[in-house]
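Inspection log for the structure reproduced underneath, given as structure tokens.
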Amino acid sequence: MSSTNYVDEQQPLSQFTEQAYLNYSMYVILDRALPNIGDGLKPVQRRIIYAMSELGLRASAKFKKSARTVGDVIGKFHPHGDSAAYEAMVLMAQPFTYRYPLVDGQGNWGSQDDPKSFAAMRYTESRMTTFSEVLLDELAQGTVDWQLNFDGSLEEPKVLPSRAPTILLNGTTGIAVGMATDIPPHNLREIIGATVHLLSNPKATTAELCEFVKGPDFPTNAEIITPLEEIRKLYELGKGSLKMRAVWVKEEGDVVITALPHQVSGAKVLEQIAAQMQAKKLPMIADLRDESDHENPTRLVVVPRSNRVDLEAVMRHLFATTDLERSYRVNFNMVGIDGRPAVKPLVKVLSEWLSFRQQTVRRRLQYRLDWVDRRLHLLEGLLVAFLNLDEVIHIIRTEDRPKAELMARFSLSEEQANYILDTRLRQLARLEEMKIRSELTELEKEKNTLESILNSERKLKNLIRKELLAVAEQYGDDRRSPIVSREEAVAFSQSELLSSDPITVVLSEKGWVRAAKGHDMDPTSLTYKAGDRFRFAAWGKSNQNAIFLDSTGRSYAVPAHQLPSARGQGEPLTGKLNPPSGAEFTGLLMGDNSQKVLLASDAGYGFVATLGDMLTKNRAGKACLTLPKGARVLAPQLLDELDNALLVAVSNEGRLLMFPVSDLPVMSRGKGNKIISVPSARVAEREEFVVGVAVVSTRQTIKVLSGKRHLNLKAKDLEHYLGERGRRGNKLPRGFQKVEAIEVVS
């Protein structure tokens with residue numbers, strides 16, 4: 001090699017690598033990962049089908065070992081690994097993977113629980129299904145282009161002449177370089193209905209096509225729960241996502257799952273549920289069973305602990321936390337009729353396929369027309385030979401160059417002369433003029449029909465429509481995946497998963513907290529650290545929150561199940577919370593989030609809130625009750641009912657006011673409204689303030705405490721103090737001008 005040639009072949013490494021990677025990328029995209037819009041197949045799938053047709057493995061043939069097919073595929077057309085080719089073949093044979101399988105398998109071809117559990121190709125046998133005829137029937141009729149195989153020794157079709165839009169029927173998934181495809185399967189009748197409509201109305205919109213195509217149709221009977229609006233948008237854009245949900249029924253108090261989402265394993269679902277049970281995240285489930293068999297391919301039984309378990313709620317949780325509900329990515333990425341990959345909306349997919357189909361049918365008709373023309377030409381020559389049989393025989397017997405003599409004597413073409421010479425004499429002798437003329441007439445009629453269709457766009461469309469409807473009639477079936485509207489799946493919160501046992505939460509004066517089982521224990525009887533004693537107690541359930549209120553008006557929440565046991569002396573609450581420096585805890589509450597609570601300050605202001613308003617996950621708490629200058633927090637009180645309840649407020653100066661609790665506003669936080677009038681300046685100087693508020697019914701008694709003296713006020717006595725909210729209230733009797741506290745006596 002000369003130095004000049006060597007220099008000419010040099011190129012920068014960056015340019016070489018860029019071109020090499022681009023070539024590799026285009027190979028993976030076009031020749032491996034993406035399907036062709038014409039037949040909906042990737043190259044390996046197309047080669048499998050073609051190789052099986054060459055082996056004569058039509059639906060009516062006997063089964064042959066799968067290894068024979070795979071050997072032909074990789075030896076003649078697809079020079080890759082045998083396992084990859086066999087796995088592609090297996091997918092086309094699995095009825096739970098393909099909506100309309102192309103391969104009819106005999107032997108172990110895997111199961112829905114474990115699609116990869118198929119037997120080796122030396123054990124299984126296969127042939128094509130009847131549906132594969134949709135792809136192959138017109139292959140030998142001049143309908144498609146052919147190309148050389150990898151070593152140039154054989155020819156293979158570039159695409160199969162599909163008689164239906166199979167690109168959407170079985171769907172496909174694939175990952176190329178920089179792009180991927182995820183096309184879900186669809187129902188044959190729906191797709192052909194939309195295709196026929198588009199054939200008649202080329203300007204049809206996606207909304208019109210969605211009247212026929214309700215949505216994807218998977219091989220499983222699980223429900224598609226994606227809203228119809230989202231499905232329509234998916235078809236408009238050519239990409240989006242879908243959700244499928246398992247189907248279940250209630251049977252003798254148990255949950256029986258009868259259908260799983262596409263490509264979901266029942267064994268894996270049971271493992272996921274069992275893992276939650278072992279982690280004690282599903283205390284309401286007692287047992288799991290797999291009762292699947294040949295008659296019931298999917299039958300998973302979930303047994304609740306009692307008939308009081310809300311099965312709907314349990315299933316919503318399982319849908320949210322297991323594969324009983326699954327999302328599927330949708331991406332209509334395919335190789336178009338122009339040979340380029342692109343994401344196409346539904347209208348574009350069907351319109352391009354119709355263009356492909358029109359071209360295919362034209363080529364088929366033209367191929368047939370060419371054959372008819374040739375046959376007519378030969379028959380015309382044969383008729384001449386029959387009418388001049390004796391002379392033809394004489395020429396053949398006597399002439400050295402009979403072909404040239406026949407051509408010259410009867411004005412025949414070389415093809416006609418060859419046909420006459422190739423015809424056996426005994427066949428010529430038996431030929432009848434009527435038979436020749438009858439065939440000529442029929443072929444002339446067929447020729448006129450073919451030419452009229454080829455020359456008329458309307459007739460061509462009518463033929464395509466008729467053939468599409470015939471495919472739908474022969475292979476169509478009902479939709480398997482119902483499209484329904486369902487509630488959104490919601491997993492149980494941590495509190496819902498906890499057992500609901502009665503507990504008593506106890507807080508000491510020095511802020512040590514603990515929780516005891518049951519409601520019948522006496523919190524004052526517990527042992528406390530030296531110098532410490534009982535302060536507050538609240539009764540609730542183990543799946544609720546213990547809510548604390550501090551002296552600055554901030555509220556805090558701690559899940560009750562996280563509190564230490566009352567067997568010991570508890571733990572400092574400050575280890576779980578971060579209150580402001582110097583703040584003390586002034587209240588402890590438990591109950592449902594909707595439970596009403598009275599919050600008030602000794603400045604005479606307050607409001608009604610709910611325990612849900614006081615909840616927070618922040619260790620530093622949340623601002624709940626706003627305190628005027630110099631004011632302090634009064635102990636919060638739970639309210640059972642607001643309609644008939646009365647609020648009693650007493651100041652340290654011996655003034656008492658009573659009014660309906662319903663007069664107070666319901667707020668989530670703030671200072672509240674005035675309960676009883678106390679001069680703010682006197683509150684700031686701590687000269688006058690509210691010593692207590694109490695909520696009572698008309699049947700209860702209020703005890704007012706002043707030093708060693710106390711005063712019991714019954715319902716008739718309290719009528720004297722009834723007034724409007726925010727007033728000063730009336731003076732208590734002599735001797736109770738310095739009130740220390742009030743109590744409610746049942």
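Letters A, B, ... go to the chains of the structure tokens in the order shown; residues in each chain start at 1; ligands are counted from 1 in the same order.
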Just list the residues in segment 189-278 of chain A DSSP gives helix (DSSP H, G or I) on the backbone, as an mmCIF file with N, CA, C and O atoms, in the first residue's frame.
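The resulting file, result.cif, is reproduced below:
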```
data_model
loop_
_atom_site.group_PDB
_atom_site.id
_atom_site.type_symbol
_atom_site.label_atom_id
_atom_site.label_comp_id
_atom_site.auth_asym_id
_atom_site.auth_seq_id
_atom_site.Cartn_x
_atom_site.Cartn_y
_atom_site.Cartn_z
ATOM 1 N N ARG A 189 -61.523 -6.347 16.721
ATOM 2 C CA ARG A 189 -62.758 -5.746 16.198
ATOM 3 C C ARG A 189 -62.740 -4.230 16.336
ATOM 4 O O ARG A 189 -63.157 -3.505 15.431
ATOM 5 N N GLU A 190 -62.258 -3.749 17.482
ATOM 6 C CA GLU A 190 -62.234 -2.307 17.701
ATOM 7 C C GLU A 190 -61.267 -1.622 16.739
ATOM 8 O O GLU A 190 -61.584 -0.579 16.155
ATOM 9 N N ILE A 191 -60.067 -2.198 16.576
ATOM 10 C CA ILE A 191 -59.068 -1.588 15.701
ATOM 11 C C ILE A 191 -59.550 -1.590 14.252
ATOM 12 O O ILE A 191 -59.409 -0.592 13.525
ATOM 13 N N ILE A 192 -60.127 -2.698 13.801
ATOM 14 C CA ILE A 192 -60.606 -2.747 12.411
ATOM 15 C C ILE A 192 -61.800 -1.817 12.230
ATOM 16 O O ILE A 192 -61.938 -1.172 11.178
ATOM 17 N N GLY A 193 -62.654 -1.696 13.250
ATOM 18 C CA GLY A 193 -63.758 -0.737 13.159
ATOM 19 C C GLY A 193 -63.251 0.680 12.950
ATOM 20 O O GLY A 193 -63.765 1.433 12.106
ATOM 21 N N ALA A 194 -62.212 1.058 13.726
ATOM 22 C CA ALA A 194 -61.627 2.395 13.578
ATOM 23 C C ALA A 194 -60.938 2.547 12.229
ATOM 24 O O ALA A 194 -61.011 3.609 11.593
ATOM 25 N N THR A 195 -60.266 1.485 11.761
ATOM 26 C CA THR A 195 -59.556 1.542 10.478
ATOM 27 C C THR A 195 -60.539 1.711 9.322
ATOM 28 O O THR A 195 -60.310 2.510 8.403
ATOM 29 N N VAL A 196 -61.640 0.977 9.361
ATOM 30 C CA VAL A 196 -62.664 1.098 8.317
ATOM 31 C C VAL A 196 -63.267 2.498 8.328
ATOM 32 O O VAL A 196 -63.514 3.097 7.271
ATOM 33 N N HIS A 197 -63.497 3.032 9.518
ATOM 34 C CA HIS A 197 -64.044 4.396 9.615
ATOM 35 C C HIS A 197 -63.064 5.414 9.025
ATOM 36 O O HIS A 197 -63.471 6.324 8.290
ATOM 37 N N LEU A 198 -61.777 5.243 9.329
ATOM 38 C CA LEU A 198 -60.767 6.166 8.798
ATOM 39 C C LEU A 198 -60.623 6.009 7.288
ATOM 40 O O LEU A 198 -60.349 6.983 6.583
ATOM 41 N N LEU A 199 -60.831 4.806 6.790
ATOM 42 C CA LEU A 199 -60.763 4.577 5.349
ATOM 43 C C LEU A 199 -61.849 5.368 4.620
ATOM 44 O O LEU A 199 -61.611 5.928 3.544
ATOM 45 N N SER A 200 -63.035 5.422 5.239
ATOM 46 C CA SER A 200 -64.141 6.167 4.639
ATOM 47 C C SER A 200 -64.077 7.653 4.953
ATOM 48 O O SER A 200 -64.627 8.474 4.206
ATOM 49 N N THR A 206 -59.204 11.959 16.444
ATOM 50 C CA THR A 206 -58.950 10.945 17.471
ATOM 51 C C THR A 206 -60.219 10.638 18.253
ATOM 52 O O THR A 206 -60.491 9.484 18.596
ATOM 53 N N ALA A 207 -61.011 11.673 18.546
ATOM 54 C CA ALA A 207 -62.256 11.470 19.294
ATOM 55 C C ALA A 207 -63.191 10.530 18.543
ATOM 56 O O ALA A 207 -63.854 9.672 19.148
ATOM 57 N N GLU A 208 -63.251 10.673 17.226
ATOM 58 C CA GLU A 208 -64.111 9.790 16.425
ATOM 59 C C GLU A 208 -63.587 8.361 16.463
ATOM 60 O O GLU A 208 -64.367 7.409 16.605
ATOM 61 N N LEU A 209 -62.266 8.200 16.352
ATOM 62 C CA LEU A 209 -61.697 6.847 16.385
ATOM 63 C C LEU A 209 -61.874 6.206 17.751
ATOM 64 O O LEU A 209 -62.007 4.983 17.860
ATOM 65 N N LEU A 228 -61.251 7.714 30.828
ATOM 66 C CA LEU A 228 -61.367 7.761 29.375
ATOM 67 C C LEU A 228 -60.712 9.006 28.790
ATOM 68 O O LEU A 228 -60.172 8.970 27.679
ATOM 69 N N GLU A 229 -60.745 10.121 29.543
ATOM 70 C CA GLU A 229 -60.119 11.347 29.037
ATOM 71 C C GLU A 229 -58.611 11.155 28.883
ATOM 72 O O GLU A 229 -58.011 11.616 27.905
ATOM 73 N N GLU A 230 -57.998 10.470 29.844
ATOM 74 C CA GLU A 230 -56.556 10.226 29.758
ATOM 75 C C GLU A 230 -56.228 9.251 28.631
ATOM 76 O O GLU A 230 -55.197 9.394 27.962
ATOM 77 N N ILE A 231 -57.099 8.261 28.413
ATOM 78 C CA ILE A 231 -56.876 7.317 27.321
ATOM 79 C C ILE A 231 -56.952 8.044 25.982
ATOM 80 O O ILE A 231 -56.141 7.818 25.077
ATOM 81 N N ARG A 232 -57.915 8.948 25.862
ATOM 82 C CA ARG A 232 -58.039 9.714 24.615
ATOM 83 C C ARG A 232 -56.808 10.584 24.400
ATOM 84 O O ARG A 232 -56.292 10.687 23.283
ATOM 85 N N LYS A 233 -56.321 11.206 25.469
ATOM 86 C CA LYS A 233 -55.114 12.037 25.352
ATOM 87 C C LYS A 233 -53.921 11.183 24.950
ATOM 88 O O LYS A 233 -53.059 11.619 24.170
ATOM 89 N N LEU A 234 -53.863 9.968 25.485
ATOM 90 C CA LEU A 234 -52.784 9.039 25.136
ATOM 91 C C LEU A 234 -52.773 8.778 23.632
ATOM 92 O O LEU A 234 -51.710 8.782 22.991
ATOM 93 N N TYR A 235 -53.963 8.561 23.056
ATOM 94 C CA TYR A 235 -54.042 8.301 21.624
ATOM 95 C C TYR A 235 -53.751 9.556 20.804
ATOM 96 O O TYR A 235 -53.284 9.465 19.671
ATOM 97 N N GLU A 236 -54.043 10.727 21.364
ATOM 98 C CA GLU A 236 -53.755 11.970 20.652
ATOM 99 C C GLU A 236 -52.259 12.246 20.586
ATOM 100 O O GLU A 236 -51.751 12.759 19.585
ATOM 101 N N LEU A 237 -51.532 11.897 21.661
ATOM 102 C CA LEU A 237 -50.105 12.182 21.726
ATOM 103 C C LEU A 237 -49.241 11.005 21.271
ATOM 104 O O LEU A 237 -48.083 11.190 20.900
ATOM 105 N N GLY A 266 -49.050 -14.183 40.134
ATOM 106 C CA GLY A 266 -49.824 -14.402 41.353
ATOM 107 C C GLY A 266 -48.938 -14.782 42.518
ATOM 108 O O GLY A 266 -49.177 -14.364 43.660
ATOM 109 N N ALA A 267 -47.896 -15.572 42.254
ATOM 110 C CA ALA A 267 -46.982 -15.967 43.321
ATOM 111 C C ALA A 267 -46.268 -14.748 43.900
ATOM 112 O O ALA A 267 -46.090 -14.640 45.117
ATOM 113 N N LYS A 268 -45.894 -13.817 43.040
ATOM 114 C CA LYS A 268 -45.208 -12.616 43.529
ATOM 115 C C LYS A 268 -46.154 -11.752 44.356
ATOM 116 O O LYS A 268 -45.754 -11.182 45.376
ATOM 117 N N VAL A 269 -47.418 -11.662 43.935
ATOM 118 C CA VAL A 269 -48.399 -10.884 44.698
ATOM 119 C C VAL A 269 -48.562 -11.475 46.093
ATOM 120 O O VAL A 269 -48.593 -10.749 47.096
ATOM 121 N N LEU A 270 -48.668 -12.803 46.175
ATOM 122 C CA LEU A 270 -48.808 -13.445 47.486
ATOM 123 C C LEU A 270 -47.562 -13.202 48.338
ATOM 124 O O LEU A 270 -47.663 -13.005 49.557
ATOM 125 N N GLU A 271 -46.383 -13.192 47.729
ATOM 126 C CA GLU A 271 -45.151 -12.892 48.469
ATOM 127 C C GLU A 271 -45.191 -11.474 49.023
ATOM 128 O O GLU A 271 -44.785 -11.226 50.167
ATOM 129 N N GLN A 272 -45.678 -10.527 48.214
ATOM 130 C CA GLN A 272 -45.737 -9.132 48.654
ATOM 131 C C GLN A 272 -46.699 -8.974 49.834
ATOM 132 O O GLN A 272 -46.402 -8.261 50.797
ATOM 133 N N ILE A 273 -47.852 -9.653 49.761
ATOM 134 C CA ILE A 273 -48.821 -9.562 50.862
ATOM 135 C C ILE A 273 -48.255 -10.248 52.103
ATOM 136 O O ILE A 273 -48.369 -9.732 53.227
ATOM 137 N N ALA A 274 -47.634 -11.423 51.914
ATOM 138 C CA ALA A 274 -47.070 -12.158 53.057
ATOM 139 C C ALA A 274 -45.970 -11.350 53.736
ATOM 140 O O ALA A 274 -45.845 -11.372 54.973
ATOM 141 N N ALA A 275 -45.174 -10.627 52.963
ATOM 142 C CA ALA A 275 -44.105 -9.806 53.552
ATOM 143 C C ALA A 275 -44.693 -8.716 54.440
ATOM 144 O O ALA A 275 -44.152 -8.420 55.522
ATOM 145 N N GLN A 276 -45.810 -8.130 54.024
ATOM 146 C CA GLN A 276 -46.460 -7.116 54.860
ATOM 147 C C GLN A 276 -47.045 -7.745 56.120
ATOM 148 O O GLN A 276 -47.008 -7.137 57.196
ATOM 149 N N MET A 277 -47.574 -8.956 55.986
ATOM 150 C CA MET A 277 -48.119 -9.630 57.163
ATOM 151 C C MET A 277 -47.015 -9.936 58.170
ATOM 152 O O MET A 277 -47.194 -9.756 59.382
ATOM 153 N N GLN A 278 -45.859 -10.381 57.681
ATOM 154 C CA GLN A 278 -44.749 -10.683 58.585
ATOM 155 C C GLN A 278 -44.219 -9.425 59.255
ATOM 156 O O GLN A 278 -43.753 -9.464 60.392
#
```
Neighbour list for segment 258-261 of chain A as a PyMOL selection string, cut-off 12 Å, only C-alpha atoms, skip fewer than 2 positions in-chain: chain A and resi 96-97+112-113+217-225+242-251+255-256+263-270+290-293+295-302+319+322-328+480-482
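Within 12 Å of Pro579 of chain A, once only C-alpha atoms are used and residues closer than 3 positions along the same chain are dropped, the contacting residues are Gly511, Phe548, Leu549, Asp550, Ser551, Thr552, Gly553, Arg554, Ser555, Tyr556, Ala557, Leu573, Thr574, Gly575, Lys576, Gly582, Ala583, Glu584, Phe585, Asn618, Arg619, Ala620, Gly621, Lys622 and Ala623 of chain A.
Proximity of A:Leu382, A:Glu488, A:Tyr86, A:Gln19 to Asp422 of chain A, computed with only C-alpha atoms, is greatest for A:Leu382.
Between Thr166 of chain A and the residues A:Asn23, A:Thr69, A:Ser83, A:Asn36, the shortest atom-to-atom distance, using only C-alpha atoms, involves A:Asn36.
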Name the residues in contact with Ser60 of chain A at a cut-off of 12 Å, using only C-alpha atoms, excluding same-chain residues fewer than 5 positions from it; report them as JSON, numbers by chain. {"A": [53, 104, 126, 127, 128, 129, 130, 131, 132, 133]}
List every residue of segment 503-654 of chain A that DSSP, applied to the backbone, labels as strand (DSSP E), and write the result as number ranges by chain. A: 503-508, 512-517, 534-541, 545-550, 554-559, 571-572, 585-589, 596-600, 605-610, 622-623, 637-639, 646-651
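Atom pair atom CA of Glu125 of chain A / atom CA of His80 of chain A has a distance of 21.0 Å (rounded to one decimal).
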List as a ChimeraX atom specification the protein and nucleic acid residues near segment 135-139 of chain A, meaning an atom at most 9 Å away when only C-alpha atoms are counted, but skip any in the same chain fewer than 2 places from it. /A:39,49-50,53,131-133,141-144,157,160-164,166,360,364
Shortest interatomic distance to Lys445 of chain A - which of A:Ile675, A:Leu588, A:Ala635, A:Leu376, counting only C-alpha atoms: A:Leu376
Which residues are close to Met284 of chain A, i.e. within 7 Å by only C-alpha atoms, leaving aside same-chain residues fewer than 3 positions away? Reply as a ChimeraX atom specification. /A:304-305,309
With N, CA, C and O atoms retained, export the selected residues as a short mmCIF file (atom, residue, chain, number, x, y, z; two decimals), in the first residue's frame.
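Written output follows (again.cif):
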```cif
data_model
loop_
_atom_site.label_atom_id
_atom_site.label_comp_id
_atom_site.auth_asym_id
_atom_site.auth_seq_id
_atom_site.Cartn_x
_atom_site.Cartn_y
_atom_site.Cartn_z
N PRO A 304 -59.72 -12.54 55.88
CA PRO A 304 -59.64 -11.52 56.94
C PRO A 304 -59.75 -12.15 58.32
O PRO A 304 -60.21 -13.30 58.46
N ARG A 305 -59.34 -11.41 59.35
CA ARG A 305 -59.38 -11.94 60.72
C ARG A 305 -60.80 -12.06 61.24
O ARG A 305 -61.09 -12.92 62.08
N VAL A 309 -63.93 -6.70 59.35
CA VAL A 309 -62.88 -6.03 58.57
C VAL A 309 -63.48 -5.41 57.32
O VAL A 309 -64.28 -6.04 56.62
#
```
Taking only C-alpha atoms into account, name the residue in A:Ala59, A:Leu169, A:Val361, A:Ala120 that is nearest to Asp477 of chain A. A:Leu169
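For the pair atom CA of Gly81 of chain A and atom CA of Asp182 of chain A, the separation is 23.7 Å.
In this comparison, which uses only C-alpha atoms, the residue of A:Leu627, A:Lys617, A:His78, A:Leu526 approaching Leu148 of chain A most closely is A:His78.
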Please provide as a PyMOL selection string all residues within 9 Å of Glu352 of chain A, with the sequence filter that same-chain residues fewer than 6 positions apart are discarded (counting only C-alpha atoms). chain A and resi 37-38+336-337
Residues as selected, all heavy atoms, written as a compact mmCIF listing (two decimals), in the first residue's frame, can you do that?
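As a result, selection_34.txt now contains:
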```
# COMPACT_ATOMS: atom_id res chain seq x y z
N ILE A 37 -44.37 -0.60 11.10
CA ILE A 37 -45.80 -0.28 11.13
C ILE A 37 -46.61 -1.19 10.21
O ILE A 37 -47.80 -1.41 10.42
CB ILE A 37 -46.02 1.21 10.74
CG1 ILE A 37 -47.43 1.66 11.14
CG2 ILE A 37 -45.76 1.44 9.26
CD1 ILE A 37 -47.64 3.15 11.00
N GLY A 38 -45.96 -1.76 9.18
CA GLY A 38 -46.68 -2.59 8.22
C GLY A 38 -47.20 -3.88 8.81
O GLY A 38 -48.40 -4.19 8.72
N GLY A 336 -41.88 3.82 10.58
CA GLY A 336 -42.98 4.15 9.67
C GLY A 336 -42.73 3.64 8.27
O GLY A 336 -41.72 3.01 7.96
N ILE A 337 -43.68 3.94 7.37
CA ILE A 337 -43.56 3.48 5.99
C ILE A 337 -42.42 4.20 5.26
O ILE A 337 -41.97 3.75 4.21
CB ILE A 337 -44.89 3.69 5.22
CG1 ILE A 337 -45.36 5.14 5.30
CG2 ILE A 337 -45.96 2.76 5.73
CD1 ILE A 337 -46.61 5.41 4.48
```
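For the set A:Tyr419, A:Tyr367, A:Phe607, A:Phe736, the residue with the smallest atom-to-atom gap to Glu653 of chain A is A:Phe736, counting only C-alpha atoms.
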